[in-house]
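Asks: Have a look at the structure that comes next, please.
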There are 2 protein chains.
Amino acid sequence: MKKTDVAIVGASAAGLMAAVTLRKRNPEKSVTVIRHVVKTPVPCGIPYIYGTLKRVEKNIIPDENFIKMGVDIKYMEVNAVDRENKSISFVDGTSLSYDKLILSSGSKPFVPPLPGVDQENVFVIEKDPLKLQKLHTALESAKNVVVVGGGFIGVEMAEQIALMAGKEAMKESRITVSLIEMLPHCLMMACEEEFCIQAENELTKLGVTVKTNSGVKEIAGQGKVTSVRLADGTELETDLVLVSIGAVPNIDLANQCGLSADPRKGILVDEYMQTQDPDILAAGDCASKTSFITGKTSGIRLASVACSEGMIAASNLYDETKRRNLGALGAFATKVGSQSIAAAGLTSKAAADEGIEVVIGEATTPNRHPASLPDCITEMKAKLLFQKDNGKIVGGHILGGESSADMVNAIAVAIQTGATAEELATMQYATHPLLTASPLFYHIMLAAENGAIQLRKAAKQKKLSREAA
Amino acid sequence: MKKTDVAIVGASAAGLMAAVTLRKRNPEKSVTVIRHVVKTPVPCGIPYIYGTLKRVEKNIIPDENFIKMGVDIKYMEVNAVDRENKSISFVDGTSLSYDKLILSSGSKPFVPPLPGVDQENVFVIEKDPLKLQKLHTALESAKNVVVVGGGFIGVEMAEQIALMAGKEAMKESRITVSLIEMLPHCLMMACEEEFCIQAENELTKLGVTVKTNSGVKEIAGQGKVTSVRLADGTELETDLVLVSIGAVPNIDLANQCGLSADPRKGILVDEYMQTQDPDILAAGDCASKTSFITGKTSGIRLASVACSEGMIAASNLYDETKRRNLGALGAFATKVGSQSIAAAGLTSKAAADEGIEVVIGEATTPNRHPASLPDCITEMKAKLLFQKDNGKIVGGHILGGESSADMVNAIAVAIQTGATAEELATMQYATHPLLTASPLFYHIMLAAENGAIQLRKAAKQKKLSREAA
């Protein structure tokens, strides 16, 4: 039987990050990453295969970088994990013994129990190049596409399918793309309402029909889909349906080998990414999560979370000083049409749902200074949420230029270091005419100061009421 | 005599920020900002007047925004401040009495005592639209321009003068632009050496002659400059010299009214921006500074520091809860040719000079993922400096795409909140194919992890030596 020090099942964000981390930290240890797909697609890049990149092969994480670092990548289906003998058996009859095992088996698209969902031409997004190619081929001849679910994947896929169809075809309605979302707006789980509306407007400009507050009742057809029936009775003719309403942790292997796992939460891990087996850790979409902000169970499944968890898991394998996973923050970014949207932490709706009282500081200023400079987006906006009781930042949202993601990362750092509105208002930020807002109006500073002023008023008010009582 | 609650002398970054802050925080207070220039240019935008914007008027901070907020802007030269009677007298004979005064009189270009520096056609950059226009007019007919001093202003001016001349003229040497820097590289006070070299390469590509390690001995000419003689004997023919070797605090008014001020350090203020007069505060380039990192006197004079100080000063005027100025960080950004460069905190040279032992974590990865996406800069680089004894980040440097400034602001927040390599390595960052590096290779995370690994090795080594002893 072959041997490896560390076996990693799953070669997407968490698995690859774990492998790289181990090779850097413990170069004396061998590591084998096992994947059931021939190549690993860039997970977040998948939508861009269809409109921008045009080819599945352009969206592959190259194995070379990992092989160069001494990572052994194995293309094979796992049959079972034998925890007692610390070995993995494969469908081809071979086995691999391990010292430590990391499960990073990811998630599976959630397929709702809808009538007709099993038909041909109903697709989900799977991180498998062959299946992604199949969707590409189907889209090439599709006339009326319905995307069910307006989260990040749904929104990005709708945009890219419209791009793939081409301006002309969309304008003349030779090809139609509809996006169906159950909630009042697309992207609502991650973004502020007004930013969601901006994203919807961008989709509309591209010719996508956005239908929110809309549930799907049935996917009609006789083996091959012909229409989608909405809860309100609307019938959308279609020859291709893409279902993108979320993902559930892939816990098959954990179940097989008797590790505690919950179909919704994932493989149960502690803050060190440890399962109940001392030699098995889990990381990424397949692992259970808590929220960085509330400490409660979290359903946030993101590559950024997976990477952080993969790094923590691998660091903890052979080091006495353990790294702790502080929980999923939720740091998102996307670009729809001309608008980039980024978010970290709570939305104001999520804060309200959690009973966290917040004050909101906003700033809308140009992202260049003076605004007469070329490529200036005059209405770049920051919206920051501060906890009312202690002034700490718990959420931040940016809309505008392409640096929105990096700007939200300043906010992500602030949330994760426990910074307050006071601190963020008086900090110094790098600015430059060709790159950012003016130092007088830098979005984060200005929004934080606007938040700090409200917090100060609230504190005064509280003091006055206390004195009056 | 007219009255105002708060008088602010100087209407650039610190003064305007102070005025806005006061109006937001204490709307019941009146504020008068006094400036000796007819309009306020965007200070950092000045170089871009020459190549990109083409006109001085395109680089003006509009007064309207401030007037709308109830700020009174007065165009007038101050004659004297009468501290005893709390009033300001103007050159036109009028006066204004104040309750509180903020001095934000900025800095003056440092003019070295060089032979020939007083001649016609030797320019400095002053924040005065009329003088900026004079330089514009002179540049229109200049053939051989010599820029003395390769800091941010010198580098940006050299680039913009080359742009103003046009590709053809530069290529055919009908117009020449030389940049003279005394230090081994341009931008060395703020940026890492290899990034400075990149900036120099970009200038060279634009046709600028960059001469480093070069001191100026004499500016020759008979009333009108004809050549610049360098210390090594080189003689550069020229008809326009721009001197940009730094700025000194403008302390004339402080001297006049007997406030303690140092010609190099500026008007002496405490951490609340208070001068020795309880009713007078100072902020911005004219005020004394300490370094955020070392606590020592700092010579960093930047709009971002000025804005922070202006906000702190104004907040402290009427509020019992005082804001503290934690010191100048130094958060910079620029764009030279196709490369954007940003920095926060210490360079490795500055750390060495201060005797601060650091480990350096680096990461060079594409700023889009996959790298096959359009507009990808495949070699965007982050370089982070962590204090060896406690792992805290004390500096960060980014080279590459236009989001470098916002990315460095995540680092600026990290420095100002005292984050460690460990924390920054395991944090979550927003990423997106069209906007950032991959979550597997996000620059800050990767560079922090590379730093954390070195810190861990160093700690182990230290433990081993201790045990051996």
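Identifiers in this document derive from the order of the structure tokens: chains are assigned A, B, ..., residues are numbered from 1 separately in each chain, and ligands are numbered from 1 in order of occurrence.
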Using only C-alpha atoms, find which residues of chain B lie within 7 Å of chain A and jot them down as an MDAnalysis selection string.
Replies: chainID B and resid 13 17 25 42 44:45 53 58:59 303:305 307:308 312 329 331:334 369:370 372:373 402:403 405:407 409:410 412:414 417 419 426:433 435 439:440 453
Asks: Write the selection just made, keeping C-alpha atoms, as a CSV table (one decimal), in the first residue's frame?
Replies:
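Produced file selection19.csv, reproduced below:
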chain,number,residue,atom,x,y,z
B,13,ALA,CA,-6.6,69.6,3.3
B,17,MET,CA,-11.4,69.1,6.8
B,25,ARG,CA,-20.3,68.0,14.8
B,42,VAL,CA,-6.6,69.8,-5.2
B,44,CYS,CA,-2.3,66.0,-4.8
B,45,GLY,CA,-3.8,66.7,-8.2
B,53,LEU,CA,-6.1,67.6,-17.2
B,58,LYS,CA,-9.8,71.4,-13.8
B,59,ASN,CA,-7.9,70.8,-10.6
B,303,ALA,CA,-2.7,65.4,2.7
B,304,SER,CA,-3.9,62.2,4.5
B,305,VAL,CA,-2.1,63.2,7.7
B,307,CYS,CA,-7.0,65.5,6.9
B,308,SER,CA,-6.8,63.3,9.9
B,312,ILE,CA,-9.1,65.7,15.2
B,329,LEU,CA,1.7,56.8,9.6
B,331,ALA,CA,0.3,56.1,3.7
B,332,PHE,CA,1.2,56.9,0.1
B,333,ALA,CA,0.1,56.0,-3.4
B,334,THR,CA,1.2,57.0,-6.8
B,369,HIS,CA,-8.1,35.1,-11.5
B,370,PRO,CA,-7.7,33.2,-13.7
B,372,SER,CA,-6.2,34.7,-18.6
B,373,LEU,CA,-8.8,37.4,-17.8
B,402,GLU,CA,-4.9,50.5,-9.8
B,403,SER,CA,-6.3,49.0,-6.6
B,405,ALA,CA,-3.9,52.2,-3.0
B,406,ASP,CA,-7.0,50.6,-1.6
B,407,MET,CA,-5.1,47.4,-1.0
B,409,ASN,CA,-5.3,50.8,3.0
B,410,ALA,CA,-6.2,47.3,4.2
B,412,ALA,CA,-2.8,50.8,6.8
B,413,VAL,CA,-5.8,49.7,8.9
B,414,ALA,CA,-3.9,46.6,10.0
B,417,THR,CA,-5.0,48.4,14.7
B,419,ALA,CA,-2.6,43.4,13.6
B,426,THR,CA,-5.8,33.6,8.6
B,427,MET,CA,-8.2,36.5,8.0
B,428,GLN,CA,-10.8,36.3,5.2
B,429,TYR,CA,-10.6,38.7,2.3
B,430,ALA,CA,-13.1,39.4,-0.4
B,431,THR,CA,-11.9,38.2,-3.8
B,432,HIS,CA,-13.4,38.1,-7.3
B,433,PRO,CA,-12.1,37.0,-10.6
B,435,LEU,CA,-11.3,42.4,-9.3
B,439,PRO,CA,-8.5,33.6,-2.7
B,440,LEU,CA,-5.7,31.0,-2.8
B,453,ILE,CA,6.2,31.1,8.7
Asks: Give me, please, the distance in Å between atom CA of A:Asn213 and atom CA of A:Gly150, quoted to one decimal.
Replies: 10.7 Å
Asks: Need to verify the contact set: A:Gly151, 8 Å, only C-alpha atoms, exclusion of same-chain residues closer than 3 positions in sequence. Can you return it as an MDAnalysis selection string?
Replies: chainID A and resid 154:155 186:189 244:246
Asks: Quick one: residues within 8 Å of B:Ile267, only C-alpha atoms, excluding same-chain residues fewer than 5 positions away - as a PyMOL selection string?
Replies: chain B and resi 249+251+254+259-262+275+282+286-288
Asks: Limited to N, CA and C atoms, could you put the picked residues into a file as a PDB file, in the first residue's frame?
Replies:
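Contents of out-v9.pdb, freshly written:
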ATOM      1  N   PRO B 249       7.406  73.573   7.095  1.00  0.00           N
ATOM      2  CA  PRO B 249       6.156  74.103   7.652  1.00  0.00           C
ATOM      3  C   PRO B 249       6.112  75.627   7.574  1.00  0.00           C
ATOM      4  N   ILE B 251       5.345  78.655   9.333  1.00  0.00           N
ATOM      5  CA  ILE B 251       5.121  79.026  10.731  1.00  0.00           C
ATOM      6  C   ILE B 251       5.135  80.535  10.949  1.00  0.00           C
ATOM      7  N   ALA B 254       2.492  81.806  13.381  1.00  0.00           N
ATOM      8  CA  ALA B 254       2.783  81.346  14.742  1.00  0.00           C
ATOM      9  C   ALA B 254       3.898  82.183  15.344  1.00  0.00           C
ATOM     10  N   LEU B 259       3.629  81.974  19.245  1.00  0.00           N
ATOM     11  CA  LEU B 259       3.419  80.557  19.585  1.00  0.00           C
ATOM     12  C   LEU B 259       4.708  79.792  19.315  1.00  0.00           C
ATOM     13  N   SER B 260       4.997  78.819  20.152  1.00  0.00           N
ATOM     14  CA  SER B 260       6.210  78.028  19.948  1.00  0.00           C
ATOM     15  C   SER B 260       6.143  77.294  18.621  1.00  0.00           C
ATOM     16  N   ALA B 261       7.188  77.462  17.838  1.00  0.00           N
ATOM     17  CA  ALA B 261       7.243  76.793  16.544  1.00  0.00           C
ATOM     18  C   ALA B 261       8.691  76.584  16.162  1.00  0.00           C
ATOM     19  N   ASP B 262       8.941  75.482  15.496  1.00  0.00           N
ATOM     20  CA  ASP B 262      10.292  75.137  15.063  1.00  0.00           C
ATOM     21  C   ASP B 262      10.320  75.154  13.543  1.00  0.00           C
ATOM     22  N   THR B 275      -2.071  73.957  20.610  1.00  0.00           N
ATOM     23  CA  THR B 275      -0.829  74.716  20.793  1.00  0.00           C
ATOM     24  C   THR B 275      -0.755  75.152  22.258  1.00  0.00           C
ATOM     25  N   ALA B 282      -3.481  73.665  15.946  1.00  0.00           N
ATOM     26  CA  ALA B 282      -2.845  73.671  14.625  1.00  0.00           C
ATOM     27  C   ALA B 282      -2.949  72.271  14.037  1.00  0.00           C
ATOM     28  N   CYS B 286       1.657  72.502   8.719  1.00  0.00           N
ATOM     29  CA  CYS B 286       2.286  73.531   9.563  1.00  0.00           C
ATOM     30  C   CYS B 286       2.525  73.039  10.998  1.00  0.00           C
ATOM     31  N   ALA B 287       1.905  71.921  11.368  1.00  0.00           N
ATOM     32  CA  ALA B 287       1.950  71.467  12.763  1.00  0.00           C
ATOM     33  C   ALA B 287       3.034  70.419  12.983  1.00  0.00           C
ATOM     34  N   SER B 288       3.553  70.364  14.188  1.00  0.00           N
ATOM     35  CA  SER B 288       4.579  69.367  14.513  1.00  0.00           C
ATOM     36  C   SER B 288       3.964  67.976  14.538  1.00  0.00           C
TER      37      SER B 288
END
Asks: Among stretch 141-329 of chain A, which residues does DSSP mark as strand (DSSP E) when it is run on the backbone? Keep the chain and numbering as in the structure and answer as an mmCIF file with N, CA and C atoms, in the first residue's frame.
Replies:
data_model
loop_
_atom_site.group_PDB
_atom_site.id
_atom_site.type_symbol
_atom_site.label_atom_id
_atom_site.label_comp_id
_atom_site.auth_asym_id
_atom_site.auth_seq_id
_atom_site.Cartn_x
_atom_site.Cartn_y
_atom_site.Cartn_z
ATOM 1 N N ASN A 144 -33.949 30.380 -24.902
ATOM 2 C CA ASN A 144 -34.591 31.040 -23.766
ATOM 3 C C ASN A 144 -34.094 30.411 -22.479
ATOM 4 N N VAL A 145 -33.208 31.124 -21.820
ATOM 5 C CA VAL A 145 -32.567 30.571 -20.633
ATOM 6 C C VAL A 145 -33.250 31.123 -19.383
ATOM 7 N N VAL A 146 -33.531 30.229 -18.446
ATOM 8 C CA VAL A 146 -34.061 30.671 -17.152
ATOM 9 C C VAL A 146 -33.063 30.286 -16.070
ATOM 10 N N VAL A 147 -32.608 31.280 -15.330
ATOM 11 C CA VAL A 147 -31.715 31.031 -14.203
ATOM 12 C C VAL A 147 -32.552 31.138 -12.937
ATOM 13 N N VAL A 148 -32.556 30.074 -12.155
ATOM 14 C CA VAL A 148 -33.354 30.066 -10.930
ATOM 15 C C VAL A 148 -32.427 30.300 -9.734
ATOM 16 N N THR A 176 -33.246 35.021 -24.952
ATOM 17 C CA THR A 176 -33.701 35.687 -23.723
ATOM 18 C C THR A 176 -33.063 35.013 -22.512
ATOM 19 N N VAL A 177 -32.813 35.824 -21.509
ATOM 20 C CA VAL A 177 -32.281 35.315 -20.244
ATOM 21 C C VAL A 177 -33.156 35.872 -19.123
ATOM 22 N N SER A 178 -33.723 34.972 -18.320
ATOM 23 C CA SER A 178 -34.529 35.410 -17.179
ATOM 24 C C SER A 178 -33.874 34.933 -15.896
ATOM 25 N N LEU A 179 -33.903 35.794 -14.901
ATOM 26 C CA LEU A 179 -33.343 35.441 -13.603
ATOM 27 C C LEU A 179 -34.473 35.505 -12.574
ATOM 28 N N ILE A 180 -34.697 34.381 -11.904
ATOM 29 C CA ILE A 180 -35.817 34.272 -10.969
ATOM 30 C C ILE A 180 -35.282 34.239 -9.539
ATOM 31 N N VAL A 208 -31.228 41.223 -19.496
ATOM 32 C CA VAL A 208 -31.723 40.130 -18.655
ATOM 33 C C VAL A 208 -33.051 40.550 -18.020
ATOM 34 N N THR A 209 -34.022 39.644 -18.016
ATOM 35 C CA THR A 209 -35.280 39.901 -17.319
ATOM 36 C C THR A 209 -35.128 39.427 -15.878
ATOM 37 N N VAL A 210 -35.228 40.363 -14.958
ATOM 38 C CA VAL A 210 -35.054 40.002 -13.547
ATOM 39 C C VAL A 210 -36.422 39.940 -12.884
ATOM 40 N N LYS A 211 -36.753 38.763 -12.367
ATOM 41 C CA LYS A 211 -38.040 38.625 -11.685
ATOM 42 C C LYS A 211 -37.772 38.265 -10.224
ATOM 43 N N VAL A 216 -40.466 29.477 -7.942
ATOM 44 C CA VAL A 216 -40.717 28.557 -9.049
ATOM 45 C C VAL A 216 -41.620 27.441 -8.545
ATOM 46 N N LYS A 217 -42.676 27.153 -9.296
ATOM 47 C CA LYS A 217 -43.632 26.130 -8.884
ATOM 48 C C LYS A 217 -43.342 24.810 -9.578
ATOM 49 N N GLU A 218 -42.938 24.910 -10.836
ATOM 50 C CA GLU A 218 -42.782 23.691 -11.617
ATOM 51 C C GLU A 218 -41.869 23.946 -12.809
ATOM 52 N N ILE A 219 -41.080 22.926 -13.124
ATOM 53 C CA ILE A 219 -40.319 22.975 -14.360
ATOM 54 C C ILE A 219 -40.988 21.992 -15.312
ATOM 55 N N ALA A 220 -41.703 22.542 -16.249
ATOM 56 C CA ALA A 220 -42.563 21.711 -17.090
ATOM 57 C C ALA A 220 -41.804 21.133 -18.281
ATOM 58 N N GLY A 221 -42.309 20.041 -18.795
ATOM 59 C CA GLY A 221 -41.696 19.407 -19.959
ATOM 60 C C GLY A 221 -41.868 17.902 -19.898
ATOM 61 N N VAL A 225 -37.087 20.052 -20.743
ATOM 62 C CA VAL A 225 -37.808 21.192 -20.202
ATOM 63 C C VAL A 225 -38.377 22.070 -21.318
ATOM 64 N N THR A 226 -39.606 22.554 -21.112
ATOM 65 C CA THR A 226 -40.212 23.450 -22.101
ATOM 66 C C THR A 226 -40.608 24.793 -21.489
ATOM 67 N N SER A 227 -40.916 24.768 -20.187
ATOM 68 C CA SER A 227 -41.236 26.058 -19.551
ATOM 69 C C SER A 227 -41.050 25.975 -18.042
ATOM 70 N N VAL A 228 -40.962 27.149 -17.461
ATOM 71 C CA VAL A 228 -40.880 27.249 -15.998
ATOM 72 C C VAL A 228 -42.135 27.971 -15.534
ATOM 73 N N ARG A 229 -42.836 27.329 -14.580
ATOM 74 C CA ARG A 229 -44.050 27.976 -14.048
ATOM 75 C C ARG A 229 -43.743 28.590 -12.697
ATOM 76 N N LEU A 230 -44.049 29.869 -12.582
ATOM 77 C CA LEU A 230 -43.801 30.568 -11.318
ATOM 78 C C LEU A 230 -45.024 30.455 -10.409
ATOM 79 N N GLU A 235 -45.843 31.833 -16.851
ATOM 80 C CA GLU A 235 -45.159 30.707 -17.479
ATOM 81 C C GLU A 235 -44.076 31.265 -18.398
ATOM 82 N N LEU A 236 -42.840 30.816 -18.153
ATOM 83 C CA LEU A 236 -41.720 31.272 -18.979
ATOM 84 C C LEU A 236 -41.287 30.129 -19.880
ATOM 85 N N GLU A 237 -41.433 30.338 -21.185
ATOM 86 C CA GLU A 237 -40.939 29.338 -22.137
ATOM 87 C C GLU A 237 -39.432 29.238 -22.017
ATOM 88 N N LEU A 240 -33.575 25.917 -21.558
ATOM 89 C CA LEU A 240 -32.439 25.633 -20.675
ATOM 90 C C LEU A 240 -32.690 26.294 -19.325
ATOM 91 N N VAL A 241 -32.648 25.484 -18.280
ATOM 92 C CA VAL A 241 -32.825 26.011 -16.926
ATOM 93 C C VAL A 241 -31.539 25.782 -16.148
ATOM 94 N N LEU A 242 -31.102 26.819 -15.474
ATOM 95 C CA LEU A 242 -29.940 26.681 -14.594
ATOM 96 C C LEU A 242 -30.413 26.936 -13.167
ATOM 97 N N VAL A 243 -30.226 25.941 -12.313
ATOM 98 C CA VAL A 243 -30.655 26.088 -10.923
ATOM 99 C C VAL A 243 -29.451 26.462 -10.069
ATOM 100 N N ALA A 247 -25.843 25.802 -1.994
ATOM 101 C CA ALA A 247 -25.031 24.592 -1.966
ATOM 102 C C ALA A 247 -25.172 23.934 -0.598
ATOM 103 N N VAL A 248 -25.033 22.623 -0.583
ATOM 104 C CA VAL A 248 -25.046 21.892 0.688
ATOM 105 C C VAL A 248 -23.718 21.153 0.821
ATOM 106 N N PRO A 249 -23.244 21.028 2.056
ATOM 107 C CA PRO A 249 -21.943 20.390 2.261
ATOM 108 C C PRO A 249 -21.941 18.955 1.773
ATOM 109 N N ALA A 261 -21.567 14.398 11.210
ATOM 110 C CA ALA A 261 -21.795 15.392 10.161
ATOM 111 C C ALA A 261 -23.281 15.666 10.056
ATOM 112 N N ASP A 262 -23.598 16.897 9.748
ATOM 113 C CA ASP A 262 -24.987 17.312 9.626
ATOM 114 C C ASP A 262 -25.238 17.712 8.172
ATOM 115 N N GLY A 266 -22.690 20.454 7.849
ATOM 116 C CA GLY A 266 -21.440 19.892 7.361
ATOM 117 C C GLY A 266 -20.772 19.002 8.393
ATOM 118 N N ILE A 267 -19.545 18.618 8.090
ATOM 119 C CA ILE A 267 -18.775 17.754 8.989
ATOM 120 C C ILE A 267 -18.436 18.565 10.241
ATOM 121 N N ILE A 280 -8.070 13.316 11.759
ATOM 122 C CA ILE A 280 -8.818 13.835 10.613
ATOM 123 C C ILE A 280 -9.319 15.243 10.898
ATOM 124 N N LEU A 281 -9.006 16.152 9.984
ATOM 125 C CA LEU A 281 -9.512 17.517 10.051
ATOM 126 C C LEU A 281 -10.399 17.754 8.830
ATOM 127 N N ALA A 282 -11.229 18.753 8.885
ATOM 128 C CA ALA A 282 -12.042 19.100 7.711
ATOM 129 C C ALA A 282 -11.998 20.603 7.528
#
Asks: Please run DSSP on the backbone and report, as a ChimeraX atom specification, all residues within stretch 157-237 of chain B that come out as helix (DSSP H, G or I).
Replies: /B:157-165,167-171,193-205
Asks: At a cut-off of 8 Å, using only C-alpha atoms, what residues contact B:Asp128? Leave out same-chain residues fewer than 6 positions from it and give the result as a VMD selection string.
Replies: chain B and resid 37 to 41
Asks: Write a file of the selected residues as a CSV table (one decimal), in the first residue's frame, keeping N, CA and C atoms.
Replies:
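What ended up in out35.csv:
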chain,number,residue,atom,x,y,z
B,37,VAL,N,-5.1,82.5,-1.2
B,37,VAL,CA,-5.2,82.2,-2.7
B,37,VAL,C,-6.7,82.2,-3.1
B,38,VAL,N,-6.9,82.6,-4.3
B,38,VAL,CA,-8.2,82.8,-4.8
B,38,VAL,C,-9.1,81.6,-4.8
B,39,LYS,N,-8.5,80.4,-5.1
B,39,LYS,CA,-9.1,79.1,-5.1
B,39,LYS,C,-8.2,78.1,-4.5
B,40,THR,N,-8.7,77.0,-4.1
B,40,THR,CA,-7.9,75.9,-3.5
B,40,THR,C,-7.7,74.8,-4.5
B,41,PRO,N,-6.5,74.7,-5.0
B,41,PRO,CA,-6.2,73.5,-5.9
B,41,PRO,C,-6.3,72.2,-5.1
Asks: Rank A:Leu22, A:Gly258, A:Asp252, A:Pro112 by their smallest atom-to-atom distance to A:Glu84, using only C-alpha atoms, and report the top residue only.
Replies: A:Gly258
Asks: Give me the residues within 8 Å of B:Ala382 as a ChimeraX atom specification, counting only C-alpha atoms and dropping any in the same chain fewer than 5 places off.
Replies: /B:362-364,396-399,443-444,447
Asks: Kindly save the residues from that selection, with N, CA and C atoms included, as a compact mmCIF listing (two decimals), in the first residue's frame.
Replies:
# COMPACT_ATOMS: atom_id res chain seq x y z
N GLU B 362 6.57 38.26 1.34
CA GLU B 362 6.28 38.78 0.00
C GLU B 362 5.32 37.86 -0.74
N ALA B 363 4.63 38.42 -1.70
CA ALA B 363 3.78 37.62 -2.59
C ALA B 363 3.66 38.33 -3.91
N THR B 364 3.92 37.61 -4.98
CA THR B 364 3.75 38.16 -6.33
C THR B 364 2.79 37.25 -7.07
N GLY B 396 3.87 48.11 4.76
CA GLY B 396 3.33 47.31 3.67
C GLY B 396 3.48 48.06 2.36
N HIS B 397 3.82 47.34 1.31
CA HIS B 397 4.13 47.96 0.03
C HIS B 397 3.48 47.14 -1.08
N ILE B 398 2.82 47.84 -1.99
CA ILE B 398 2.10 47.16 -3.08
C ILE B 398 2.54 47.77 -4.40
N LEU B 399 2.75 46.92 -5.39
CA LEU B 399 3.06 47.38 -6.74
C LEU B 399 2.17 46.65 -7.72
N HIS B 443 -2.90 38.72 -2.19
CA HIS B 443 -1.56 39.22 -1.86
C HIS B 443 -1.31 39.39 -0.37
N ILE B 444 -2.22 40.04 0.32
CA ILE B 444 -1.97 40.34 1.73
C ILE B 444 -1.92 39.05 2.54
N ALA B 447 1.35 37.03 1.60
CA ALA B 447 2.56 37.68 2.13
C ALA B 447 2.59 37.56 3.66
Asks: Mind pulling up the distance from atom CA of A:Met69 to atom CA of A:Val81?
Replies: 26.1 Å
Asks: Using only C-alpha atoms, which of the listed residues (B:Ile73, B:Val31, B:Ala7, B:Ala448) sits closest to B:Ser95?
Replies: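 Once distances to B:Ser95 are computed over only C-alpha atoms, the minimum belongs to B:Ala7.
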